[in-house]
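work13.cif (mmCIF, C-alpha atoms) appears below.
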data_input
loop_
_atom_site.label_atom_id
_atom_site.label_comp_id
_atom_site.auth_asym_id
_atom_site.auth_seq_id
_atom_site.Cartn_x
_atom_site.Cartn_y
_atom_site.Cartn_z
CA MET A 1 -11.39 62.33 11.02
CA LYS A 2 -10.51 66.01 10.87
CA ALA A 3 -11.15 68.87 13.28
CA LEU A 4 -10.79 72.60 12.65
CA ILE A 5 -10.24 74.86 15.66
CA LEU A 6 -10.28 78.62 15.25
CA LEU A 7 -7.74 80.60 17.28
CA ALA A 8 -7.96 84.33 17.88
CA ALA A 9 -5.73 86.57 19.97
CA GLY A 10 -7.17 86.42 23.49
CA CYS A 11 -8.56 82.91 23.19
CA GLU A 12 -8.49 80.83 26.38
CA GLU A 13 -5.25 78.90 26.00
CA MET A 14 -6.27 75.96 28.21
CA GLU A 15 -9.52 75.49 26.30
CA ALA A 16 -7.66 75.60 22.98
CA VAL A 17 -4.74 73.39 23.95
CA ILE A 18 -6.73 70.74 25.85
CA VAL A 19 -8.96 70.07 22.85
CA MET A 20 -6.11 70.10 20.32
CA ASP A 21 -3.96 67.75 22.40
CA THR A 22 -6.77 65.37 23.37
CA LEU A 23 -8.05 64.98 19.81
CA ARG A 24 -4.54 64.43 18.45
CA ARG A 25 -3.93 61.74 21.09
CA GLY A 26 -7.02 60.05 19.69
CA GLY A 27 -5.75 60.13 16.11
CA VAL A 28 -7.87 63.02 14.87
CA GLU A 29 -6.17 65.34 12.39
CA VAL A 30 -6.46 68.76 14.03
CA VAL A 31 -5.85 72.00 12.18
CA ALA A 32 -5.59 75.13 14.33
CA ALA A 33 -6.35 78.09 12.09
CA GLY A 34 -5.52 81.60 13.24
CA LEU A 35 -7.83 84.48 12.39
CA ALA A 36 -4.66 86.40 11.58
CA GLU A 37 -1.29 85.22 10.34
CA GLY A 38 1.52 84.31 12.74
CA PRO A 39 1.73 83.93 16.52
CA LEU A 40 -1.03 85.17 18.82
CA THR A 41 -1.12 85.99 22.50
CA ALA A 42 -3.85 84.05 24.30
CA SER A 43 -5.91 85.34 27.23
CA ARG A 44 -3.31 84.66 29.95
CA GLY A 45 -0.25 85.56 27.93
CA VAL A 46 0.69 82.21 26.39
CA VAL A 47 1.99 82.80 22.86
CA ILE A 48 0.72 80.17 20.40
CA THR A 49 1.42 79.91 16.69
CA PRO A 50 -1.55 78.39 14.83
CA ASP A 51 -0.87 75.74 12.19
CA ILE A 52 -2.10 78.00 9.42
CA ALA A 53 -3.87 81.31 8.87
CA LEU A 54 -7.58 80.94 8.16
CA ASP A 55 -7.19 82.84 4.87
CA ALA A 56 -4.63 80.28 3.70
CA LEU A 57 -6.75 77.25 4.61
CA GLU A 58 -8.39 75.57 1.66
CA ASN A 59 -11.51 73.52 2.28
CA ALA A 60 -12.27 75.15 5.64
CA LYS A 61 -15.81 73.83 5.29
CA ASP A 62 -14.75 70.20 4.84
CA PHE A 63 -13.82 69.23 8.40
CA ASP A 64 -15.86 66.87 10.55
CA VAL A 65 -16.10 69.38 13.37
CA LEU A 66 -15.62 73.12 13.77
CA ILE A 67 -14.42 74.01 17.28
CA LEU A 68 -14.55 77.41 19.00
CA PRO A 69 -12.61 77.91 22.24
CA GLY A 70 -13.73 80.65 24.62
CA GLY A 71 -11.72 83.37 26.33
CA LEU A 72 -11.83 87.12 26.12
CA PRO A 73 -11.24 89.06 23.98
CA GLY A 74 -10.84 86.04 21.68
CA THR A 75 -14.57 85.35 21.62
CA GLU A 76 -15.30 88.95 20.56
CA ALA A 77 -12.89 88.53 17.66
CA LEU A 78 -14.72 85.36 16.59
CA ARG A 79 -18.06 87.16 16.86
CA GLU A 80 -16.96 90.07 14.69
CA ASP A 81 -15.33 88.01 11.94
CA PRO A 82 -17.54 87.41 8.87
CA ARG A 83 -15.46 84.34 7.96
CA VAL A 84 -16.40 82.76 11.29
CA ARG A 85 -20.07 83.57 10.74
CA ASP A 86 -19.94 81.97 7.29
CA LEU A 87 -18.27 78.85 8.67
CA LEU A 88 -20.78 78.53 11.51
CA LEU A 89 -23.68 78.82 9.09
CA ALA A 90 -22.11 76.22 6.79
CA TYR A 91 -21.37 73.72 9.58
CA THR A 92 -24.68 74.07 11.39
CA GLY A 93 -26.50 73.72 8.07
CA ASP A 94 -24.84 70.39 7.27
CA ALA A 95 -26.11 67.41 9.26
CA THR A 96 -22.95 65.44 8.49
CA ARG A 97 -20.77 67.93 10.40
CA ARG A 98 -20.60 69.14 13.98
CA VAL A 99 -19.98 72.41 15.80
CA ALA A 100 -18.39 72.49 19.26
CA ALA A 101 -18.11 75.60 21.44
CA VAL A 102 -16.96 76.12 25.02
CA CYS A 103 -17.15 78.83 27.70
CA ALA A 104 -17.92 82.21 26.05
CA ALA A 105 -17.97 80.83 22.50
CA PRO A 106 -21.61 79.65 22.54
CA THR A 107 -22.57 83.34 22.71
CA VAL A 108 -21.28 83.64 19.14
CA LEU A 109 -23.72 80.98 18.00
CA ASP A 110 -26.51 82.62 19.98
CA GLY A 111 -25.88 85.93 18.24
CA LEU A 112 -26.49 84.22 14.92
CA GLY A 113 -29.72 82.60 16.11
CA LEU A 114 -28.08 79.18 15.96
CA LEU A 115 -29.08 78.08 19.47
CA GLU A 116 -32.80 78.59 18.90
CA GLY A 117 -34.76 75.54 19.94
CA LEU A 118 -31.64 73.71 21.10
CA GLN A 119 -30.30 72.64 24.47
CA PHE A 120 -26.85 74.06 25.15
CA THR A 121 -24.52 75.26 27.86
CA CYS A 122 -21.85 77.97 28.23
CA TYR A 123 -19.89 79.70 31.01
CA PRO A 124 -22.55 80.08 33.73
CA GLY A 125 -21.87 83.81 34.15
CA LEU A 126 -22.69 84.33 30.48
CA LYS A 127 -25.98 82.49 30.17
CA ALA A 128 -27.92 85.79 30.20
CA ARG A 129 -25.97 86.65 27.03
CA CYS A 130 -27.65 83.72 25.28
CA ALA A 131 -31.23 84.88 24.96
CA GLY A 132 -31.83 83.67 21.43
CA GLY A 133 -34.30 80.90 22.20
CA GLY A 134 -32.08 78.05 23.32
CA THR A 135 -32.40 76.21 26.63
CA TRP A 136 -29.37 76.53 28.93
CA VAL A 137 -28.55 73.29 30.74
CA ASP A 138 -26.24 73.20 33.77
CA ALA A 139 -23.98 70.32 32.72
CA ALA A 140 -20.27 70.00 31.89
CA VAL A 141 -21.12 69.03 28.30
CA VAL A 142 -24.44 69.35 26.48
CA GLU A 143 -25.21 67.79 23.11
CA ASP A 144 -28.15 68.54 20.89
CA GLY A 145 -28.16 67.45 17.29
CA ASN A 146 -24.76 68.23 15.84
CA LEU A 147 -23.94 70.85 18.49
CA ILE A 148 -21.61 70.13 21.43
CA THR A 149 -21.24 72.85 24.08
CA SER A 150 -19.37 73.07 27.37
CA GLN A 151 -18.78 75.51 30.24
CA GLY A 152 -15.13 76.45 30.71
CA PRO A 153 -11.54 75.43 31.47
CA GLY A 154 -12.56 72.95 34.18
CA THR A 155 -14.89 71.15 31.78
CA SER A 156 -12.51 71.18 28.82
CA PHE A 157 -11.29 67.61 29.24
CA ALA A 158 -14.90 66.40 29.23
CA PHE A 159 -15.62 68.64 26.21
CA ALA A 160 -12.60 67.35 24.28
CA LEU A 161 -13.34 63.73 25.13
CA ARG A 162 -16.97 64.08 24.03
CA ILE A 163 -15.84 65.46 20.66
CA LEU A 164 -13.36 62.59 20.38
CA GLU A 165 -16.06 60.07 21.25
CA ARG A 166 -18.25 61.38 18.43
CA LEU A 167 -15.38 61.37 15.91
CA ALA A 168 -13.54 58.20 16.88
CA GLY A 169 -15.86 56.25 19.18
CA GLY A 170 -16.17 55.56 22.86
CA ASP A 171 -13.30 53.06 23.03
CA ALA A 172 -10.85 55.56 21.56
CA ALA A 173 -12.06 58.28 23.91
CA GLY A 174 -11.80 55.93 26.88
CA GLU A 175 -8.23 54.99 25.99
CA VAL A 176 -7.19 58.61 25.63
CA ALA A 177 -8.89 59.56 28.91
CA ALA A 178 -7.06 56.73 30.71
CA GLY A 179 -3.72 57.75 29.21
CA MET A 180 -4.25 61.34 30.35
CA LEU A 181 -5.37 60.11 33.82
CA VAL A 182 -8.68 61.93 33.46
CA GLY A 183 -11.10 60.54 36.02
CA ARG A 184 -8.35 58.69 37.90
CA PHE A 185 -8.99 60.77 41.03
CA MET B 1 5.10 85.84 44.04
CA LYS B 2 7.05 84.61 41.05
CA ALA B 3 7.11 81.24 39.28
CA LEU B 4 9.62 79.96 36.74
CA ILE B 5 8.49 77.20 34.36
CA LEU B 6 10.99 75.54 32.04
CA LEU B 7 9.78 74.71 28.53
CA ALA B 8 11.57 72.31 26.20
CA ALA B 9 10.56 71.13 22.75
CA GLY B 10 8.32 68.10 23.32
CA CYS B 11 6.97 69.28 26.67
CA GLU B 12 3.35 68.33 27.41
CA GLU B 13 1.47 71.42 26.28
CA MET B 14 -1.56 70.91 28.54
CA GLU B 15 0.64 70.48 31.60
CA ALA B 16 2.60 73.63 30.71
CA VAL B 17 -0.37 75.82 29.77
CA ILE B 18 -2.68 74.78 32.63
CA VAL B 19 -0.09 75.74 35.25
CA MET B 20 0.90 79.01 33.53
CA ASP B 21 -2.70 80.11 33.05
CA THR B 22 -3.90 79.06 36.52
CA LEU B 23 -1.05 80.81 38.34
CA ARG B 24 -1.50 83.99 36.29
CA ARG B 25 -5.21 83.99 37.10
CA GLY B 26 -4.12 83.96 40.75
CA GLY B 27 -1.83 86.95 40.34
CA VAL B 28 1.46 85.06 40.30
CA GLU B 29 4.12 86.47 37.97
CA VAL B 30 4.95 83.52 35.71
CA VAL B 31 8.00 83.42 33.48
CA ALA B 32 8.14 80.60 30.92
CA ALA B 33 11.78 80.11 29.98
CA GLY B 34 12.68 78.07 26.91
CA LEU B 35 15.73 75.84 26.95
CA ALA B 36 16.42 77.22 23.48
CA GLU B 37 15.55 80.55 21.93
CA GLY B 38 12.33 81.09 20.00
CA PRO B 39 9.20 78.99 19.45
CA LEU B 40 9.09 75.29 20.33
CA THR B 41 6.83 72.47 19.25
CA ALA B 42 5.25 70.71 22.23
CA SER B 43 4.47 66.99 22.44
CA ARG B 44 1.21 67.10 20.46
CA GLY B 45 2.24 69.71 17.95
CA VAL B 46 1.16 72.93 19.66
CA VAL B 47 3.73 75.65 18.89
CA ILE B 48 4.45 77.82 21.95
CA THR B 49 6.85 80.74 22.21
CA PRO B 50 8.32 80.97 25.74
CA ASP B 51 8.55 84.41 27.36
CA ILE B 52 12.34 84.33 27.31
CA ALA B 53 15.24 81.99 26.60
CA LEU B 54 16.76 80.49 29.74
CA ASP B 55 20.19 81.85 28.79
CA ALA B 56 18.77 85.38 28.71
CA LEU B 57 17.03 85.09 32.08
CA GLU B 58 18.78 86.91 34.89
CA ASN B 59 18.13 85.75 38.44
CA ALA B 60 16.82 82.33 37.39
CA LYS B 61 17.47 81.16 40.94
CA ASP B 62 15.36 83.90 42.55
CA PHE B 63 11.83 82.64 41.87
CA ASP B 64 9.51 81.28 44.54
CA VAL B 65 8.94 78.06 42.65
CA LEU B 66 10.65 76.19 39.82
CA ILE B 67 8.15 74.18 37.76
CA LEU B 68 8.87 71.29 35.38
CA PRO B 69 6.10 70.07 33.06
CA GLY B 70 6.27 66.52 31.73
CA GLY B 71 5.92 65.20 28.22
CA LEU B 72 8.26 63.38 25.92
CA PRO B 73 10.81 64.12 24.59
CA GLY B 74 10.66 67.34 26.61
CA THR B 75 11.51 65.59 29.86
CA GLU B 76 14.60 64.02 28.28
CA ALA B 77 15.76 67.49 27.24
CA LEU B 78 15.31 68.73 30.82
CA ARG B 79 17.26 65.72 32.13
CA GLU B 80 20.19 66.27 29.80
CA ASP B 81 20.53 70.01 30.37
CA PRO B 82 23.20 71.00 32.92
CA ARG B 83 21.43 74.33 33.51
CA VAL B 84 18.33 72.46 34.65
CA ARG B 85 20.40 70.29 36.98
CA ASP B 86 22.01 73.38 38.50
CA LEU B 87 18.63 75.04 39.00
CA LEU B 88 17.14 71.92 40.60
CA LEU B 89 20.06 71.65 43.00
CA ALA B 90 19.78 75.34 43.88
CA TYR B 91 16.00 75.26 44.45
CA THR B 92 15.92 72.00 46.41
CA GLY B 93 18.79 73.26 48.55
CA ASP B 94 16.92 76.41 49.56
CA ALA B 95 14.13 75.93 52.08
CA THR B 96 12.54 79.26 51.10
CA ARG B 97 11.83 78.03 47.57
CA ARG B 98 9.81 75.19 46.06
CA VAL B 99 10.13 72.73 43.19
CA ALA B 100 7.07 71.38 41.37
CA ALA B 101 7.15 68.57 38.79
CA VAL B 102 4.39 66.68 36.99
CA CYS B 103 4.01 63.49 34.94
CA ALA B 104 7.45 62.39 33.63
CA ALA B 105 9.32 65.34 35.15
CA PRO B 106 9.80 63.81 38.64
CA THR B 107 12.12 61.27 36.96
CA VAL B 108 14.55 64.16 36.40
CA LEU B 109 14.66 64.84 40.13
CA ASP B 110 15.03 61.13 40.82
CA GLY B 111 18.05 60.92 38.53
CA LEU B 112 19.75 63.56 40.66
CA GLY B 113 18.94 61.75 43.91
CA LEU B 114 16.55 64.53 44.90
CA LEU B 115 13.62 62.26 45.74
CA GLU B 116 15.55 60.20 48.31
CA GLY B 117 13.65 59.94 51.55
CA LEU B 118 10.71 61.93 50.18
CA GLN B 119 7.13 61.08 49.30
CA PHE B 120 6.32 61.91 45.69
CA THR B 121 4.22 60.93 42.71
CA CYS B 122 4.65 60.87 38.92
CA TYR B 123 2.93 59.35 35.88
CA PRO B 124 1.99 55.87 37.15
CA GLY B 125 3.61 54.10 34.19
CA LEU B 126 6.92 55.73 35.09
CA LYS B 127 7.15 54.95 38.79
CA ALA B 128 9.68 52.16 38.13
CA ARG B 129 11.91 54.88 36.64
CA CYS B 130 12.07 56.52 40.08
CA ALA B 131 14.15 54.03 42.07
CA GLY B 132 16.29 56.56 43.90
CA GLY B 133 14.90 56.06 47.38
CA GLY B 134 11.69 58.06 47.35
CA THR B 135 8.26 56.69 48.21
CA TRP B 136 5.74 56.80 45.36
CA VAL B 137 2.25 57.75 46.51
CA ASP B 138 -0.83 57.18 44.33
CA ALA B 139 -2.44 60.62 44.64
CA ALA B 140 -3.20 63.46 42.22
CA VAL B 141 -0.80 65.76 44.09
CA VAL B 142 1.83 64.85 46.67
CA GLU B 143 3.70 67.35 48.82
CA ASP B 144 6.75 66.69 50.93
CA GLY B 145 8.82 69.56 52.26
CA ASN B 146 9.24 72.06 49.44
CA LEU B 147 8.50 69.50 46.71
CA ILE B 148 5.13 69.33 44.92
CA THR B 149 4.59 66.47 42.45
CA SER B 150 1.67 65.34 40.34
CA GLN B 151 0.73 62.59 37.85
CA GLY B 152 -0.26 63.93 34.43
CA PRO B 153 -2.59 66.02 32.29
CA GLY B 154 -5.71 64.95 34.17
CA THR B 155 -4.21 66.06 37.49
CA SER B 156 -2.75 69.32 36.18
CA PHE B 157 -5.53 71.55 37.48
CA ALA B 158 -5.05 70.10 40.97
CA PHE B 159 -1.28 70.49 40.58
CA ALA B 160 -1.53 74.11 39.47
CA LEU B 161 -4.03 74.97 42.20
CA ARG B 162 -1.82 73.42 44.88
CA ILE B 163 1.13 75.51 43.73
CA LEU B 164 -1.12 78.58 43.74
CA GLU B 165 -2.34 77.73 47.24
CA ARG B 166 1.24 77.62 48.52
CA LEU B 167 2.18 80.89 46.79
CA ALA B 168 -0.98 82.94 47.29
CA GLY B 169 -3.07 81.11 49.90
CA GLY B 170 -6.13 78.91 49.94
CA ASP B 171 -8.62 81.73 49.36
CA ALA B 172 -6.88 82.82 46.17
CA ALA B 173 -6.66 79.24 44.93
CA GLY B 174 -10.33 78.67 45.75
CA GLU B 175 -11.37 81.78 43.85
CA VAL B 176 -9.35 80.77 40.79
CA ALA B 177 -10.71 77.22 40.90
CA ALA B 178 -14.28 78.55 41.04
CA GLY B 179 -13.65 80.94 38.14
CA MET B 180 -12.26 78.07 36.05
CA LEU B 181 -15.21 75.83 37.07
CA VAL B 182 -12.81 73.22 38.45
CA GLY B 183 -14.75 70.89 40.71
CA ARG B 184 -18.13 72.21 39.53
CA PHE B 185 -19.07 68.79 38.14
#
Written as structure tokens, that's how I'd like the structure from this file.
Amino acid sequence: MKALILLAAGCEEMEAVIVMDTLRRGGVEVVAAGLAEGPLTASRGVVITPDIALDALENAKDFDVLILPGGLPGTEALREDPRVRDLLLAYTGDATRRVAAVCAAPTVLDGLGLLEGLQFTCYPGLKARCAGGGTWVDAAVVEDGNLITSQGPGTSFAFALRILERLAGGDAAGEVAAGMLVGRF
Amino acid sequence: MKALILLAAGCEEMEAVIVMDTLRRGGVEVVAAGLAEGPLTASRGVVITPDIALDALENAKDFDVLILPGGLPGTEALREDPRVRDLLLAYTGDATRRVAAVCAAPTVLDGLGLLEGLQFTCYPGLKARCAGGGTWVDAAVVEDGNLITSQGPGTSFAFALRILERLAGGDAAGEVAAGMLVGRF
């Protein structure tokens, strides 16, 4: 299974790194594609070099899941990028693929009308920004159809493990959670 | 308040990034010093560029807390580095400063005899590696004197918030936890 995560300058580094690390522990091939080439500075100053620049990635529409971390101003960069819009439309229009978004990132889907009629969640302080006809649910992770959404850094392990469960199964996700000591306390 | 975190190739990227991000949210000045110069590849392939190389850092002994993330082979690199040993001896010998270590990193302190007579924790599968006279406690975070230890990725928010509480107070840590949605579910 293969996951594509999009990284912009100002993305939330915990949200990005927790999902990349967790999925790789579970055997998923994760490609972190930067909106621009080279290293980026995330929202709290951590400097991360994506695996590849989005422009250099062939078959960007052929992953099993497209993942958007939150963070500001990273989410604004995702929102304003026509390549991201095209990818979101392609992934949400294909029932064999999934989209996963956390924290501020569901607002990008909302702006494209992609939450209409769906249950979703996002960072609680941003739910008023999602007025496009979806139903906000106050849960760590919300799934509806092929959409997986979550609330923020503190729910990122649950978000990552839910994606892993859908890609690799509950046993794999349970093993990874145990190895990371998630839920031990 | 100022925190120094040491980053080696093969460090656990979630453990490193969660503590850096959380402390910065709480207003702590965090310096991530690399054992070598330039970008490093963490344990699950995330490429992080530290703020500075350890050799270029003046006043490395003048921070309020010295933090060691876990991960393999990053922890082995910490163990074998004489600069890390010198820093650990300096920080543990100064009652005005703290040392914080998570996951595999407490084994580095154990190898230097620095856990003797103290309560501590580490990744549960590694407790047999800490036979130097400390008492292993099965808790997410253990404090004894100026030492703060924790178990792994799944306890890293609690670890980071405990360090923040000691540096900036319980109100600051509570505000940061709420903003990150830690403990919301």
Could you list, as an NGL selection string, every residue matched by the PyMOL selection byres ((chain B and resi 77) around 12) in this structure? :B and (6-11 or 34-36 or 68-76 or 78-85 or 104-105 or 108)
Give one line per residue of chain A that approaches chain B to at most 9 Å, naming the two atoms of the closest pair and their distance in Å to one decimal, counting all atoms listed in the file; sort by chain then ascending residue number and deliver it as JSON lines.
{"residue": "A:Glu12", "atom": "CA", "partner": "B:Asp21", "partner_atom": "CA", "distance": 8.9}
{"residue": "A:Glu13", "atom": "CA", "partner": "B:Val17", "partner_atom": "CA", "distance": 6.9}
{"residue": "A:Met14", "atom": "CA", "partner": "B:Ile18", "partner_atom": "CA", "distance": 5.8}
{"residue": "A:Val17", "atom": "CA", "partner": "B:Met14", "partner_atom": "CA", "distance": 6.1}
{"residue": "A:Ile18", "atom": "CA", "partner": "B:Met14", "partner_atom": "CA", "distance": 5.8}
{"residue": "A:Met20", "atom": "CA", "partner": "B:Val46", "partner_atom": "CA", "distance": 7.8}
{"residue": "A:Asp21", "atom": "CA", "partner": "B:Arg44", "partner_atom": "CA", "distance": 5.6}
{"residue": "A:Thr22", "atom": "CA", "partner": "B:Arg44", "partner_atom": "CA", "distance": 8.7}
{"residue": "A:Arg24", "atom": "CA", "partner": "B:Arg44", "partner_atom": "CA", "distance": 6.7}
{"residue": "A:Arg25", "atom": "CA", "partner": "B:Arg44", "partner_atom": "CA", "distance": 7.5}
{"residue": "A:Ala32", "atom": "CA", "partner": "B:Val46", "partner_atom": "CA", "distance": 8.9}
{"residue": "A:Pro39", "atom": "CA", "partner": "B:Thr49", "partner_atom": "CA", "distance": 8.3}
{"residue": "A:Ser43", "atom": "CA", "partner": "B:Asp21", "partner_atom": "CA", "distance": 8.5}
{"residue": "A:Arg44", "atom": "CA", "partner": "B:Asp21", "partner_atom": "CA", "distance": 5.5}
{"residue": "A:Gly45", "atom": "CA", "partner": "B:Asp21", "partner_atom": "CA", "distance": 7.9}
{"residue": "A:Val46", "atom": "CA", "partner": "B:Ile48", "partner_atom": "CA", "distance": 7.3}
{"residue": "A:Val47", "atom": "CA", "partner": "B:Thr49", "partner_atom": "CA", "distance": 5.3}
{"residue": "A:Ile48", "atom": "CA", "partner": "B:Ile48", "partner_atom": "CA", "distance": 4.7}
{"residue": "A:Thr49", "atom": "CA", "partner": "B:Val47", "partner_atom": "CA", "distance": 5.3}
{"residue": "A:Pro50", "atom": "CA", "partner": "B:Val47", "partner_atom": "CA", "distance": 7.2}
{"residue": "A:Asp51", "atom": "CA", "partner": "B:Val47", "partner_atom": "CA", "distance": 8.1}
{"residue": "A:Tyr123", "atom": "CA", "partner": "B:Leu181", "partner_atom": "CA", "distance": 8.6}
{"residue": "A:Ala139", "atom": "CA", "partner": "B:Phe185", "partner_atom": "CA", "distance": 7.5}
{"residue": "A:Ala140", "atom": "CA", "partner": "B:Phe185", "partner_atom": "CA", "distance": 6.5}
{"residue": "A:Gln151", "atom": "CA", "partner": "B:Leu181", "partner_atom": "CA", "distance": 7.7}
{"residue": "A:Gly152", "atom": "CA", "partner": "B:Met180", "partner_atom": "CA", "distance": 6.3}
{"residue": "A:Pro153", "atom": "CA", "partner": "B:Met180", "partner_atom": "CA", "distance": 5.3}
{"residue": "A:Gly154", "atom": "CA", "partner": "B:Val182", "partner_atom": "CA", "distance": 4.3}
{"residue": "A:Thr155", "atom": "CA", "partner": "B:Leu181", "partner_atom": "CA", "distance": 7.1}
{"residue": "A:Phe157", "atom": "CA", "partner": "B:Gly154", "partner_atom": "CA", "distance": 7.9}
{"residue": "A:Ala177", "atom": "CA", "partner": "B:Gly154", "partner_atom": "CA", "distance": 8.2}
{"residue": "A:Gly179", "atom": "CA", "partner": "B:Gly152", "partner_atom": "CA", "distance": 8.8}
{"residue": "A:Met180", "atom": "CA", "partner": "B:Pro153", "partner_atom": "CA", "distance": 5.3}
{"residue": "A:Leu181", "atom": "CA", "partner": "B:Gly154", "partner_atom": "CA", "distance": 4.9}
{"residue": "A:Val182", "atom": "CA", "partner": "B:Gly154", "partner_atom": "CA", "distance": 4.3}
{"residue": "A:Gly183", "atom": "CA", "partner": "B:Gly154", "partner_atom": "CA", "distance": 7.2}
{"residue": "A:Arg184", "atom": "CA", "partner": "B:Gly154", "partner_atom": "CA", "distance": 7.8}
{"residue": "A:Phe185", "atom": "CA", "partner": "B:Ala140", "partner_atom": "CA", "distance": 6.5}
I'd like the interatomic distance between atom CA of Val102 of chain B and atom CA of Val31 of chain A, to a tenth of an Å. 27.4 Å
Skip Ala3 of chain B itself and residues of its chain fewer than 6 positions away, then list as a ChimeraX atom specification all residues within 7 Å of it, counting all atoms listed in the file. /B:28-31,63-66
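Picked out by the PyMOL selection byres ((chain A and resi 118) around 8) when it runs on this file: Leu115, Glu116, Gly117, Gln119, Phe120, Gly133, Gly134, Thr135 and Asp144 of chain A.
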Identify which of the residues A:Ala100, A:Ala128, A:Ala56, A:Ala172 lies closest to Val142 of chain A, counting all atoms listed in the file when measuring atom-to-atom distances. A:Ala100
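Interatomic distance, atom CA of Gly26 of chain A against atom CA of Gly93 of chain A: 26.5 Å.
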Do a neighbour search on Ile163 of chain B at 8 Å with all atoms listed in the file, toss out local chain neighbours closer than 3 positions, and write the hits as a ChimeraX atom specification. /B:23,100,148,159-160,166-167
Just-selected residues, C-alpha atoms written as a PDB file, in the coordinates of the input:
ATOM      1  CA  LEU B  23      -1.050  80.810  38.340  1.00  0.00           C
ATOM      2  CA  ALA B 100       7.070  71.380  41.370  1.00  0.00           C
ATOM      3  CA  ILE B 148       5.130  69.330  44.920  1.00  0.00           C
ATOM      4  CA  PHE B 159      -1.280  70.490  40.580  1.00  0.00           C
ATOM      5  CA  ALA B 160      -1.530  74.110  39.470  1.00  0.00           C
ATOM      6  CA  ARG B 166       1.240  77.620  48.520  1.00  0.00           C
ATOM      7  CA  LEU B 167       2.180  80.890  46.790  1.00  0.00           C
TER       8      LEU B 167
END
Evaluate the PyMOL selection byres ((chain A and resi 107) around 8) and report residues as a ChimeraX atom specification: /A:104-106,108-111,122,126,129-130
Find the distance between atom CA of Arg97 of chain A and atom CA of Ala158 of chain A and write it in Å to one decimal. 19.8 Å
